[in-house]
Amino acid sequence: MQFVALDDALLTVDDGTVTARYAGHEFECVAAGPDRVFAGTFDAGLYRHEVGDNEAGWHRVGESLPDSVTAVALDPHDPDGVWVGTEPSRVFHSGDGGDSWTERPGLTDLPSADEWYFPPRPDTHHVRWLEPDPHRENRLYVGIEAGALVVTDDGGETWTERPGGSRRDNHQLATHPDAAGRVYSAAGDGYAESTDHGRTWTQPQSGLDHRYCWSVAVDPERPDLRVVSAATGASQAHRAGTAESYVYRKEGDDPWEVAMDGLPEPEGFRRPVLAPAGPGTFLAAADDGLYRSTDAGRSWRQAVSWDETGPVRGLAVR
């Protein structure tokens, strides 16, 4: 089952069919676990759906949270742990499945915080992505759009900013369940990855001709197989009238290669959101539907279509 957050709707996809559509809010992000699914909105806070309780549907939780929830992540070390990021940049944690929340303080006290800004709304900034480390409890990677990668080792009691080689405009981060220390970043200022739990970063760019990176996904059994969506800049990535986006794949130390077979032509194609869906299998959620690759990202086919306006904000696989 997949959950797709679009600008104006949240879609539930099951067995190649859109089975539910929840509208009425500006959706920003989505995260799915075995028991619960969470969706953040720009205008109405955080919503939760209890898996298996179709009658309950979606309902708002965390009334104390700000209205603009821009990132949500489930804690791999705690079945009831949930992390939320907001605009302006704040981080909150829940240990009871989203019923109550505690802010993790000090994020905007960091020295670089005065430099953080989001170009379309330069008087503010937000948490674009939260990525808990599956190998280290209480270690969390926070992507600020735009301004910094921020890391905590103690569940948000203290923060470390801008580790060496990290990107400034981190859009999506990923880790790997079988590769301790691996962290991946798709950022507006390029791609980067780490092998030491985010302390230092390298920037493998060879073959990546479009370096405004938006989404990254990693094969669940092969930590060196990654795919990214990218464009030459924000306008080409996000605006329907000027869009020209690409998907790339990379194996090991080989250069990046364009992997657009079966996807729409780059011109007019807004950056998709990517996710792994099994060994050798990836999903790409785009304006017109959900695409699937079963050959390690080399080729794609449309698995689901929809009539939505987009753009896609988030994709979660359950």
# chains A, B, ... in the order shown; residues from 1 in each chain; ligands from 1
$ residues_around --residues "Ala243 of chain A" --least-positions-apart "2" --cutoff "8 Å" --atoms "only C-alpha atoms" --output "VMD selection string"
chain A and resid 235 to 241 245 266 to 270
$ residues_around --residues "Asp75 of chain A" --least-positions-apart "2" --cutoff "12 Å" --atoms "only C-alpha atoms" --output "PyMOL selection string"
chain A and resi 31-33+72-73+77-84+93-98+130-141+155
$ write_last_selection --atoms "N, CA and C atoms" --output "tab-separated table (two decimals), in the first residue's frame"
chain	number	residue	atom	x	y	z
A	31	ALA	N	4.13	9.83	6.29
A	31	ALA	CA	4.96	8.73	6.78
A	31	ALA	C	4.04	7.60	7.20
A	32	ALA	N	4.41	6.36	6.86
A	32	ALA	CA	3.55	5.21	7.12
A	32	ALA	C	4.29	4.13	7.88
A	33	GLY	N	3.63	3.58	8.90
A	33	GLY	CA	4.16	2.46	9.65
A	33	GLY	C	3.17	1.33	9.68
A	72	VAL	N	7.59	14.72	8.66
A	72	VAL	CA	7.18	13.76	9.68
A	72	VAL	C	7.94	12.46	9.46
A	73	ALA	N	8.36	11.82	10.54
A	73	ALA	CA	9.11	10.57	10.45
A	73	ALA	C	8.78	9.69	11.64
A	77	HIS	N	13.24	2.90	16.40
A	77	HIS	CA	13.58	2.26	17.67
A	77	HIS	C	12.41	2.21	18.64
A	78	ASP	N	11.29	2.84	18.28
A	78	ASP	CA	10.16	2.94	19.19
A	78	ASP	C	8.87	2.91	18.37
A	79	PRO	N	8.05	1.87	18.51
A	79	PRO	CA	6.84	1.78	17.69
A	79	PRO	C	5.86	2.92	17.92
A	80	ASP	N	5.98	3.65	19.04
A	80	ASP	CA	5.11	4.78	19.31
A	80	ASP	C	5.81	6.13	19.13
A	81	GLY	N	7.05	6.09	18.64
A	81	GLY	CA	7.82	7.33	18.49
A	81	GLY	C	7.57	7.99	17.14
A	82	VAL	N	7.33	9.30	17.17
A	82	VAL	CA	7.08	10.08	15.96
A	82	VAL	C	7.82	11.40	16.08
A	83	TRP	N	8.43	11.82	14.97
A	83	TRP	CA	9.11	13.11	14.89
A	83	TRP	C	8.38	14.02	13.91
A	84	VAL	N	8.32	15.30	14.23
A	84	VAL	CA	7.67	16.28	13.36
A	84	VAL	C	8.56	17.51	13.24
A	93	HIS	N	8.71	15.90	19.25
A	93	HIS	CA	8.73	14.45	19.38
A	93	HIS	C	7.52	13.98	20.17
A	94	SER	N	6.97	12.84	19.77
A	94	SER	CA	5.91	12.18	20.51
A	94	SER	C	6.34	10.76	20.83
A	95	GLY	N	6.09	10.33	22.04
A	95	GLY	CA	6.39	8.96	22.44
A	95	GLY	C	5.16	8.11	22.64
A	96	ASP	N	4.00	8.65	22.27
A	96	ASP	CA	2.75	7.91	22.46
A	96	ASP	C	1.91	7.87	21.19
A	97	GLY	N	2.58	7.77	20.05
A	97	GLY	CA	1.86	7.62	18.79
A	97	GLY	C	1.20	8.87	18.28
A	98	GLY	N	1.59	10.03	18.79
A	98	GLY	CA	1.07	11.28	18.28
A	98	GLY	C	0.03	11.96	19.13
A	130	LEU	N	13.14	14.89	8.05
A	130	LEU	CA	13.65	14.28	9.28
A	130	LEU	C	13.99	12.83	8.99
A	131	GLU	N	15.18	12.41	9.38
A	131	GLU	CA	15.61	11.03	9.13
A	131	GLU	C	16.25	10.44	10.39
A	132	PRO	N	15.51	9.62	11.15
A	132	PRO	CA	16.12	8.94	12.30
A	132	PRO	C	17.13	7.89	11.82
A	133	ASP	N	18.21	7.76	12.55
A	133	ASP	CA	19.23	6.77	12.21
A	133	ASP	C	18.78	5.39	12.71
A	134	PRO	N	18.62	4.40	11.83
A	134	PRO	CA	18.13	3.09	12.27
A	134	PRO	C	19.13	2.32	13.10
A	135	HIS	N	20.38	2.78	13.13
A	135	HIS	CA	21.42	2.04	13.85
A	135	HIS	C	21.82	2.69	15.17
A	136	ARG	N	21.36	3.92	15.39
A	136	ARG	CA	21.73	4.63	16.61
A	136	ARG	C	20.50	5.32	17.19
A	137	GLU	N	20.03	4.81	18.29
A	137	GLU	CA	18.88	5.41	18.94
A	137	GLU	C	19.19	6.86	19.34
A	138	ASN	N	18.22	7.73	19.14
A	138	ASN	CA	18.30	9.15	19.48
A	138	ASN	C	19.15	9.97	18.52
A	139	ARG	N	19.69	9.34	17.45
A	139	ARG	CA	20.40	10.12	16.44
A	139	ARG	C	19.42	10.45	15.33
A	140	LEU	N	19.35	11.73	15.01
A	140	LEU	CA	18.37	12.24	14.04
A	140	LEU	C	19.05	13.24	13.13
A	141	TYR	N	18.77	13.11	11.82
A	141	TYR	CA	19.28	14.04	10.82
A	141	TYR	C	18.14	14.96	10.40
A	155	GLY	N	18.54	12.81	20.93
A	155	GLY	CA	17.12	13.04	20.82
A	155	GLY	C	16.71	14.49	20.86
$ atom_distance --atom1 "atom CA of Arg249 of chain A" --atom2 "atom CA of Ala296 of chain A"
8.4 Å
$ select_by_dssp --residues "segment 197-317 of chain A" --states "helix (DSSP H, G or I)" --output "PyMOL selection string"
chain A and resi 234-238
$ atom_distance --atom1 "atom CA of Pro204 of chain A" --atom2 "atom CA of Gly252 of chain A"
10.6 Å
$ select_by_dssp --residues "segment 3-75 of chain A" --states "strand (DSSP E)" --output "NGL selection string"
:A and (3-6 or 9-14 or 17-23 or 27-32 or 36-41 or 46-50 or 58-61 or 69-74)
$ residues_around --residues "segment 2-11 of chain A" --least-positions-apart "3" --cutoff "7 Å" --atoms "only C-alpha atoms" --output "PyMOL selection string"
chain A and resi 14+18+20-30+310-318
$ residues_around --residues "segment 109-118 of chain A" --least-positions-apart "3" --cutoff "8 Å" --atoms "only C-alpha atoms" --output "MDAnalysis selection string"
chainID A and resid 106 121:126 144:148 159 161
$ closest_atom_pairs --of "segment 200-227 of chain A" --to "segment 169-172 of chain A" --cutoff "7 Å" --atoms "only C-alpha atoms" --output "tab-separated table"
residue	atom	partner	partner_atom	distance
A:Trp214	CA	A:His171	CA	5.6
A:Ser215	CA	A:Gln172	CA	5.5
A:Val216	CA	A:Gln172	CA	6.5
$ write_last_selection --atoms "N, CA and C atoms" --output "PDB file, in the first residue's frame"
ATOM      1  N   TRP A 214      16.078  16.589  -5.699  1.00  0.00           N
ATOM      2  CA  TRP A 214      14.879  16.697  -4.881  1.00  0.00           C
ATOM      3  C   TRP A 214      14.631  15.447  -4.034  1.00  0.00           C
ATOM      4  N   SER A 215      14.708  14.269  -4.611  1.00  0.00           N
ATOM      5  CA  SER A 215      14.346  13.047  -3.894  1.00  0.00           C
ATOM      6  C   SER A 215      15.425  11.989  -4.109  1.00  0.00           C
ATOM      7  N   VAL A 216      15.618  11.144  -3.099  1.00  0.00           N
ATOM      8  CA  VAL A 216      16.584  10.060  -3.191  1.00  0.00           C
ATOM      9  C   VAL A 216      15.965   8.797  -2.598  1.00  0.00           C
TER      10      VAL A 216
END
$ closest_residue --among "A:Arg298, A:Lys250, A:His59, A:Arg162" --to "Gly207 of chain A" --atoms "only C-alpha atoms"
A:Lys250
$ atom_distance --atom1 "atom CA of Gln205 of chain A" --atom2 "atom CA of Pro120 of chain A"
26.6 Å
$ closest_residue --among "A:Leu46, A:Val127, A:Val151, A:Cys213" --to "Asp99 of chain A" --atoms "only C-alpha atoms"
A:Leu46
$ closest_residue --among "A:Arg104, A:Arg48, A:Arg301, A:Arg271" --to "His210 of chain A" --atoms "only C-alpha atoms"
A:Arg271
